[in-house]
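Asks: Would you mind keeping the following structure in view while I ask a few things?
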Amino acid sequence: ARLRVAAGAGGGGGRPRLPRGLGPGVLGGWPPLAGLHAYFVGTITGGLTTSSAFMVVQGTGAMAMVIADIPALHAAESTAGALSTLAILTGIVMLAAGLLKLGALLRFVSNAVMVGFLNAVGVNIMLGQLANLTGFAATGPNRVVRAVSTVLSPGQLHWQSIAIGLTTLLLILALERTRLRALGLVVAVVVTSGAVMLLGWDVASLNDLGITVSGLPTLTWPLLSQVPVLVVPALSLAFVGLVQGAGISATYGNPDGSYPDASRDFIGQGAASVASGFLRGIPVGGSLSASALNKAAGAKSRQATLIAGFVMAIAMVALGRPIGNVAMPALAGLLILVGFRTIKPADLSSVWHTGTVQKTVLVVTFVLTVLIPMQYAVLAGVGLSVIMHVIRQSNQVVIRRWVYDAGGSVTEVDPPTELPGSEVIVLQPYGSLFFASAPVFEAALPAVRVQSRRSVVILRLRGHTELGRTFMDVLRRYALALAAVGSKLVIVSAGAQIQEQLVLTGITKVIGPDNVYAGDERLGAAVRKAYDDAIAWTGNGSRDA
């Protein structure tokens, strides 16, 4: 479902694949010409600006499906103008992400969310092409309802269209096993589209959509009136494109052996999308499948991507009239096959067996992507990823007790559930100590009872530079509970920022400034000093063993 040109070895040439080049426009429900423009502009601009030498920047199936679910484009007075505006806005978001070095933020998007989203995109691609395949445009709130309506309306289906679509699909599968291989999809679409003309069948073609490929795109300007309603879709599209692009950056190294910079790739994708918008194209981003095809075809440098774009430009000029005869059911058959291949059972199975949380996230993301407009499904997936990250981090807080032996060596053991009397307990927390983890941390502390008199709890905070107000409240409550039974809390390895927070929140006043020990470069020195002082305070000459 993408615009593709297979670059030759060493970047020396390419094979134009115009039927697939028309794909994103067809998937998005917009003039297929916009997909061709996006391929030509995006491939060349991306080839010049991305950090990745092998990234192919073009309209992708996932982005096209998001575009298809944007009501504002349907309602706009000028669909082409609104689409160009959307591409420019999407590019601006990508540029901002790159300039602000936000590439690292993508690590917060869980694998379960992306697997659910991308596999649901495959389902959406297949369901979205039923109208072109059957010649019957069903109505309904989403693709699932429309698909059911199509199945329940056999009398309204156009069987000649179905025959052409299925024949194209089967012919692609057969030709892929011959020496034609990937080029077989072009041959299949050409053969079945030619058959429609020879048989005189009444099957829709691009000419019926008023599509005329007469040359290279001309400059256009964004519709400023559409900007407010297209901001959220632009954010969703930018996210989809950048996630796919980040996958390419992490997968394909450059010819010099280095790996691309994700943030610079963001900038390249953003520049390509802005250029596509100004030249009447759809939003573009890094295409995983096209980049894989580029590398598999033998590309040795970024010249392969540039030549592919120029080959497409030549094809647009030289093959404009024949393109109009491409049968819509033939394109539908091709895209249904692509949608089916987008579904990855191995990835689904891998996430499914990871755990209950991952399984739930996978199902929720998949269902939302299929049932609601994809621009909102994408944002819901991002929100779900953030919530998952917070939950995971908050539940990974562990407290261990340090026990000194006679030789001064340290052993880590589980802390006691209740604080005994006249004893020194050294606690080392592991994990992220932020607001959501505070209840987990508090529950793991030894409980303070009446019998917990004359004891000292030493909390070692080495490695933590900042604690939130919620965590400080936990420390205050625990310090007061200890003080109520004649025991005390000692904080060790507190940096300057934590010391300031302890003062501002009043904890230093509760425990006393002498019970806050700053850390230094000697590992364990501060906690050992605090431990010796605590032994002296308790009057217990025996070591904690």
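Labels used: A, B, ... for chains in the order of the structure tokens, numbers from 1 for residues in each chain, and numbers from 1 for ligands as shown.
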Excluding same-chain residues fewer than 4 positions from Thr369 (chain A), what lies within 12 Å of it counting only C-alpha atoms, as an mmCIF file with N, CA, C and O atoms, in the first residue's frame?
Replies:
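Output saved as around.cif:
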```cif
data_model
loop_
_atom_site.group_PDB
_atom_site.id
_atom_site.type_symbol
_atom_site.label_atom_id
_atom_site.label_comp_id
_atom_site.auth_asym_id
_atom_site.auth_seq_id
_atom_site.Cartn_x
_atom_site.Cartn_y
_atom_site.Cartn_z
ATOM 1 N N ALA A 62 -0.055 2.966 6.669
ATOM 2 C CA ALA A 62 -0.576 3.373 7.970
ATOM 3 C C ALA A 62 -0.986 4.842 7.965
ATOM 4 O O ALA A 62 -2.053 5.215 8.474
ATOM 5 N N MET A 65 -4.203 5.371 5.977
ATOM 6 C CA MET A 65 -5.421 4.984 6.674
ATOM 7 C C MET A 65 -5.827 6.036 7.702
ATOM 8 O O MET A 65 -7.014 6.251 7.947
ATOM 9 N N VAL A 66 -4.849 6.686 8.318
ATOM 10 C CA VAL A 66 -5.173 7.790 9.231
ATOM 11 C C VAL A 66 -5.843 8.917 8.446
ATOM 12 O O VAL A 66 -6.844 9.505 8.874
ATOM 13 N N ASP A 69 -9.525 8.655 7.716
ATOM 14 C CA ASP A 69 -10.465 8.814 8.826
ATOM 15 C C ASP A 69 -10.576 10.250 9.326
ATOM 16 O O ASP A 69 -11.055 10.484 10.430
ATOM 17 N N VAL A 113 1.681 -1.715 21.900
ATOM 18 C CA VAL A 113 0.879 -0.695 21.219
ATOM 19 C C VAL A 113 1.166 -0.691 19.724
ATOM 20 O O VAL A 113 0.253 -0.679 18.896
ATOM 21 N N MET A 114 2.447 -0.722 19.356
ATOM 22 C CA MET A 114 2.793 -0.654 17.937
ATOM 23 C C MET A 114 2.379 -1.911 17.183
ATOM 24 O O MET A 114 1.912 -1.838 16.050
ATOM 25 N N VAL A 115 2.532 -3.080 17.805
ATOM 26 C CA VAL A 115 2.100 -4.325 17.154
ATOM 27 C C VAL A 115 0.589 -4.313 16.958
ATOM 28 O O VAL A 115 0.089 -4.670 15.888
ATOM 29 N N GLY A 116 -0.139 -3.889 17.977
ATOM 30 C CA GLY A 116 -1.594 -3.818 17.846
ATOM 31 C C GLY A 116 -2.022 -2.837 16.778
ATOM 32 O O GLY A 116 -2.907 -3.124 15.973
ATOM 33 N N PHE A 117 -1.368 -1.674 16.745
ATOM 34 C CA PHE A 117 -1.729 -0.646 15.780
ATOM 35 C C PHE A 117 -1.424 -1.082 14.350
ATOM 36 O O PHE A 117 -2.278 -0.999 13.459
ATOM 37 N N LEU A 118 -0.205 -1.551 14.092
ATOM 38 C CA LEU A 118 0.202 -1.882 12.727
ATOM 39 C C LEU A 118 -0.567 -3.080 12.177
ATOM 40 O O LEU A 118 -0.892 -3.126 10.981
ATOM 41 N N ASN A 119 -0.877 -4.051 13.018
ATOM 42 C CA ASN A 119 -1.668 -5.188 12.540
ATOM 43 C C ASN A 119 -3.113 -4.779 12.275
ATOM 44 O O ASN A 119 -3.734 -5.274 11.325
ATOM 45 N N ALA A 120 -3.641 -3.863 13.092
ATOM 46 C CA ALA A 120 -4.986 -3.352 12.827
ATOM 47 C C ALA A 120 -5.008 -2.535 11.536
ATOM 48 O O ALA A 120 -6.020 -2.525 10.821
ATOM 49 N N VAL A 121 -3.897 -1.853 11.220
ATOM 50 C CA VAL A 121 -3.800 -1.134 9.946
ATOM 51 C C VAL A 121 -3.964 -2.105 8.789
ATOM 52 O O VAL A 121 -4.640 -1.814 7.801
ATOM 53 N N GLY A 122 -3.346 -3.289 8.893
ATOM 54 C CA GLY A 122 -3.502 -4.294 7.844
ATOM 55 C C GLY A 122 -4.952 -4.694 7.649
ATOM 56 O O GLY A 122 -5.426 -4.824 6.510
ATOM 57 N N VAL A 123 -5.660 -4.872 8.752
ATOM 58 C CA VAL A 123 -7.090 -5.204 8.666
ATOM 59 C C VAL A 123 -7.858 -4.062 8.031
ATOM 60 O O VAL A 123 -8.729 -4.267 7.170
ATOM 61 N N ASN A 124 -7.558 -2.838 8.441
ATOM 62 C CA ASN A 124 -8.239 -1.671 7.880
ATOM 63 C C ASN A 124 -7.985 -1.524 6.380
ATOM 64 O O ASN A 124 -8.873 -1.118 5.621
ATOM 65 N N ILE A 125 -6.766 -1.834 5.947
ATOM 66 C CA ILE A 125 -6.463 -1.747 4.522
ATOM 67 C C ILE A 125 -7.353 -2.706 3.744
ATOM 68 O O ILE A 125 -7.940 -2.344 2.710
ATOM 69 N N ASN A 142 -18.118 2.679 10.629
ATOM 70 C CA ASN A 142 -16.710 2.262 10.543
ATOM 71 C C ASN A 142 -16.570 1.152 9.514
ATOM 72 O O ASN A 142 -17.564 0.664 8.954
ATOM 73 N N ARG A 143 -15.341 0.734 9.259
ATOM 74 C CA ARG A 143 -15.073 -0.231 8.196
ATOM 75 C C ARG A 143 -15.647 -1.605 8.500
ATOM 76 O O ARG A 143 -16.030 -2.335 7.589
ATOM 77 N N VAL A 144 -15.718 -1.968 9.764
ATOM 78 C CA VAL A 144 -16.269 -3.276 10.128
ATOM 79 C C VAL A 144 -17.752 -3.339 9.776
ATOM 80 O O VAL A 144 -18.223 -4.314 9.169
ATOM 81 N N LEU A 362 -2.420 -4.808 23.812
ATOM 82 C CA LEU A 362 -2.503 -5.237 22.418
ATOM 83 C C LEU A 362 -3.946 -5.259 21.935
ATOM 84 O O LEU A 362 -4.274 -4.717 20.871
ATOM 85 N N VAL A 363 -4.814 -5.875 22.710
ATOM 86 C CA VAL A 363 -6.227 -6.003 22.311
ATOM 87 C C VAL A 363 -6.896 -4.642 22.254
ATOM 88 O O VAL A 363 -7.612 -4.328 21.292
ATOM 89 N N VAL A 364 -6.656 -3.811 23.274
ATOM 90 C CA VAL A 364 -7.299 -2.488 23.307
ATOM 91 C C VAL A 364 -6.867 -1.654 22.105
ATOM 92 O O VAL A 364 -7.688 -1.023 21.436
ATOM 93 N N THR A 365 -5.566 -1.639 21.831
ATOM 94 C CA THR A 365 -5.055 -0.853 20.706
ATOM 95 C C THR A 365 -5.605 -1.368 19.389
ATOM 96 O O THR A 365 -6.026 -0.586 18.522
ATOM 97 N N PRO A 373 -11.980 6.333 14.479
ATOM 98 C CA PRO A 373 -11.067 7.026 13.558
ATOM 99 C C PRO A 373 -9.624 6.884 14.018
ATOM 100 O O PRO A 373 -9.302 7.067 15.192
ATOM 101 N N MET A 374 -8.746 6.573 13.070
ATOM 102 C CA MET A 374 -7.377 6.207 13.431
ATOM 103 C C MET A 374 -6.586 7.358 14.029
ATOM 104 O O MET A 374 -5.626 7.131 14.758
ATOM 105 N N GLN A 375 -6.964 8.599 13.718
ATOM 106 C CA GLN A 375 -6.237 9.714 14.321
ATOM 107 C C GLN A 375 -6.395 9.688 15.838
ATOM 108 O O GLN A 375 -5.460 10.027 16.577
ATOM 109 N N TYR A 376 -7.566 9.269 16.321
ATOM 110 C CA TYR A 376 -7.781 9.184 17.759
ATOM 111 C C TYR A 376 -7.215 7.883 18.323
ATOM 112 O O TYR A 376 -6.756 7.848 19.465
ATOM 113 N N ALA A 377 -7.257 6.827 17.533
ATOM 114 C CA ALA A 377 -6.675 5.556 17.977
ATOM 115 C C ALA A 377 -5.183 5.704 18.210
ATOM 116 O O ALA A 377 -4.626 5.139 19.155
ATOM 117 N N VAL A 378 -4.509 6.462 17.328
ATOM 118 C CA VAL A 378 -3.073 6.683 17.477
ATOM 119 C C VAL A 378 -2.788 7.402 18.788
ATOM 120 O O VAL A 378 -1.909 7.001 19.564
ATOM 121 N N LEU A 379 -3.525 8.478 19.048
ATOM 122 C CA LEU A 379 -3.298 9.246 20.273
ATOM 123 C C LEU A 379 -3.651 8.413 21.503
ATOM 124 O O LEU A 379 -2.977 8.516 22.544
ATOM 125 N N ALA A 380 -4.698 7.581 21.401
ATOM 126 C CA ALA A 380 -5.049 6.695 22.512
ATOM 127 C C ALA A 380 -3.920 5.713 22.778
ATOM 128 O O ALA A 380 -3.600 5.399 23.929
ATOM 129 N N GLY A 381 -3.287 5.225 21.706
ATOM 130 C CA GLY A 381 -2.159 4.319 21.860
ATOM 131 C C GLY A 381 -0.991 4.979 22.558
ATOM 132 O O GLY A 381 -0.330 4.376 23.414
#
```
Asks: List the spatial neighbours of His158 (chain A) as a PDB file with C-alpha atoms, in the first residue's frame - criterion: any atom at most 6 Å away, only C-alpha atoms, same-chain residues fewer than 2 positions off excluded.
Replies:
```pdb
ATOM      1  CA  THR A 134     -16.962  -5.142  -5.184  1.00  0.00           C
ATOM      2  CA  GLY A 135     -18.194  -1.949  -6.843  1.00  0.00           C
ATOM      3  CA  GLN A 160     -17.106  -8.229 -12.959  1.00  0.00           C
ATOM      4  CA  SER A 161     -15.194  -5.946 -10.581  1.00  0.00           C
TER       5      SER A 161
END
```
Asks: Between CA of Thr505 (chain A) and CA of Tyr430 (chain A), what is the distance in Å, rounded to a tenth?
Replies: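 Between CA of Thr505 (chain A) and CA of Tyr430 (chain A) the gap works out to 22.9 Å.
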Asks: Would you list the contacts of Ala204 (chain A) as JSON, numbers by chain, taking every protein, DNA or RNA residue within 9 Å and counting only C-alpha atoms, but skipping same-chain residues closer than 5 positions in sequence?
Replies: {"A": [132, 135, 161, 209, 326, 327, 328, 329]}
Asks: Do a neighbour search on Leu489 (chain A) at 9 Å with only C-alpha atoms, toss out local chain neighbours closer than 3 positions, and write the hits as a ChimeraX atom specification.
Replies: /A:455-459,475,478-480,482-483,511,515
Asks: Using only C-alpha atoms, find the one residue out of A:Ala174, A:Ala292, A:Val398, A:Ala530 that sits nearest to Ser249 (chain A).
Replies: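 Residue with the minimum atom-to-atom distance to Ser249 (chain A): A:Ala292.
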Asks: As an NGL selection string, list the residues of region 345-437 of chain A assigned to strand (DSSP E or B) by DSSP on the backbone atoms of this structure.
Replies: :A and (398-404 or 410-413 or 418 or 424-430)
Asks: Could you save the residues just selected, with N, CA and C atoms, as a PDB file, in the first residue's frame?
Replies:
```
ATOM      1  N   VAL A 398      11.959  -1.652  44.623  1.00  0.00           N
ATOM      2  CA  VAL A 398      12.332  -2.727  45.543  1.00  0.00           C
ATOM      3  C   VAL A 398      13.226  -2.150  46.638  1.00  0.00           C
ATOM      4  N   ILE A 399      12.998  -2.566  47.858  1.00  0.00           N
ATOM      5  CA  ILE A 399      13.841  -2.149  48.977  1.00  0.00           C
ATOM      6  C   ILE A 399      14.614  -3.354  49.493  1.00  0.00           C
ATOM      7  N   ARG A 400      15.940  -3.191  49.619  1.00  0.00           N
ATOM      8  CA  ARG A 400      16.790  -4.243  50.164  1.00  0.00           C
ATOM      9  C   ARG A 400      17.497  -3.735  51.425  1.00  0.00           C
ATOM     10  N   ARG A 401      17.790  -4.657  52.316  1.00  0.00           N
ATOM     11  CA  ARG A 401      18.488  -4.316  53.570  1.00  0.00           C
ATOM     12  C   ARG A 401      19.971  -4.652  53.435  1.00  0.00           C
ATOM     13  N   TRP A 402      20.814  -3.734  53.845  1.00  0.00           N
ATOM     14  CA  TRP A 402      22.258  -3.966  53.874  1.00  0.00           C
ATOM     15  C   TRP A 402      22.631  -4.501  55.265  1.00  0.00           C
ATOM     16  N   VAL A 403      23.325  -5.619  55.270  1.00  0.00           N
ATOM     17  CA  VAL A 403      23.784  -6.207  56.524  1.00  0.00           C
ATOM     18  C   VAL A 403      25.305  -6.275  56.507  1.00  0.00           C
ATOM     19  N   TYR A 404      25.953  -5.686  57.524  1.00  0.00           N
ATOM     20  CA  TYR A 404      27.413  -5.707  57.634  1.00  0.00           C
ATOM     21  C   TYR A 404      27.850  -6.920  58.445  1.00  0.00           C
ATOM     22  N   VAL A 410      29.319  -6.274  52.947  1.00  0.00           N
ATOM     23  CA  VAL A 410      27.879  -6.013  52.939  1.00  0.00           C
ATOM     24  C   VAL A 410      27.148  -7.129  52.212  1.00  0.00           C
ATOM     25  N   THR A 411      26.059  -7.569  52.801  1.00  0.00           N
ATOM     26  CA  THR A 411      25.168  -8.550  52.173  1.00  0.00           C
ATOM     27  C   THR A 411      23.788  -7.930  52.055  1.00  0.00           C
ATOM     28  N   GLU A 412      23.141  -8.138  50.925  1.00  0.00           N
ATOM     29  CA  GLU A 412      21.778  -7.629  50.729  1.00  0.00           C
ATOM     30  C   GLU A 412      20.775  -8.734  51.032  1.00  0.00           C
ATOM     31  N   VAL A 413      19.799  -8.401  51.860  1.00  0.00           N
ATOM     32  CA  VAL A 413      18.735  -9.344  52.210  1.00  0.00           C
ATOM     33  C   VAL A 413      17.408  -8.593  52.174  1.00  0.00           C
ATOM     34  N   GLU A 418       8.476  -5.887  60.069  1.00  0.00           N
ATOM     35  CA  GLU A 418       8.279  -4.990  61.201  1.00  0.00           C
ATOM     36  C   GLU A 418       9.637  -4.580  61.757  1.00  0.00           C
ATOM     37  N   VAL A 424      19.709  -1.193  64.198  1.00  0.00           N
ATOM     38  CA  VAL A 424      19.992  -0.282  63.097  1.00  0.00           C
ATOM     39  C   VAL A 424      19.695  -1.022  61.788  1.00  0.00           C
ATOM     40  N   ILE A 425      18.822  -0.437  60.979  1.00  0.00           N
ATOM     41  CA  ILE A 425      18.410  -1.054  59.713  1.00  0.00           C
ATOM     42  C   ILE A 425      18.846  -0.136  58.575  1.00  0.00           C
ATOM     43  N   VAL A 426      19.689  -0.637  57.686  1.00  0.00           N
ATOM     44  CA  VAL A 426      20.126   0.133  56.518  1.00  0.00           C
ATOM     45  C   VAL A 426      19.312  -0.333  55.312  1.00  0.00           C
ATOM     46  N   LEU A 427      18.603   0.589  54.677  1.00  0.00           N
ATOM     47  CA  LEU A 427      17.728   0.252  53.544  1.00  0.00           C
ATOM     48  C   LEU A 427      18.236   0.913  52.258  1.00  0.00           C
ATOM     49  N   GLN A 428      18.264   0.132  51.191  1.00  0.00           N
ATOM     50  CA  GLN A 428      18.670   0.626  49.869  1.00  0.00           C
ATOM     51  C   GLN A 428      17.512   0.420  48.890  1.00  0.00           C
ATOM     52  N   PRO A 429      16.833   1.506  48.471  1.00  0.00           N
ATOM     53  CA  PRO A 429      15.749   1.350  47.478  1.00  0.00           C
ATOM     54  C   PRO A 429      16.315   1.290  46.053  1.00  0.00           C
ATOM     55  N   TYR A 430      15.684   0.473  45.214  1.00  0.00           N
ATOM     56  CA  TYR A 430      16.030   0.385  43.805  1.00  0.00           C
ATOM     57  C   TYR A 430      14.777   0.696  42.978  1.00  0.00           C
TER      58      TYR A 430
END
```
Asks: Report as an NGL selection string: the residues of region 287-454 of chain A with a DSSP assignment of helix (DSSP H, G or I), based on the backbone of this structure.
Replies: :A and (288-296 or 303-318 or 320-323 or 328-342 or 345-352 or 356-371 or 374-394 or 435-444)
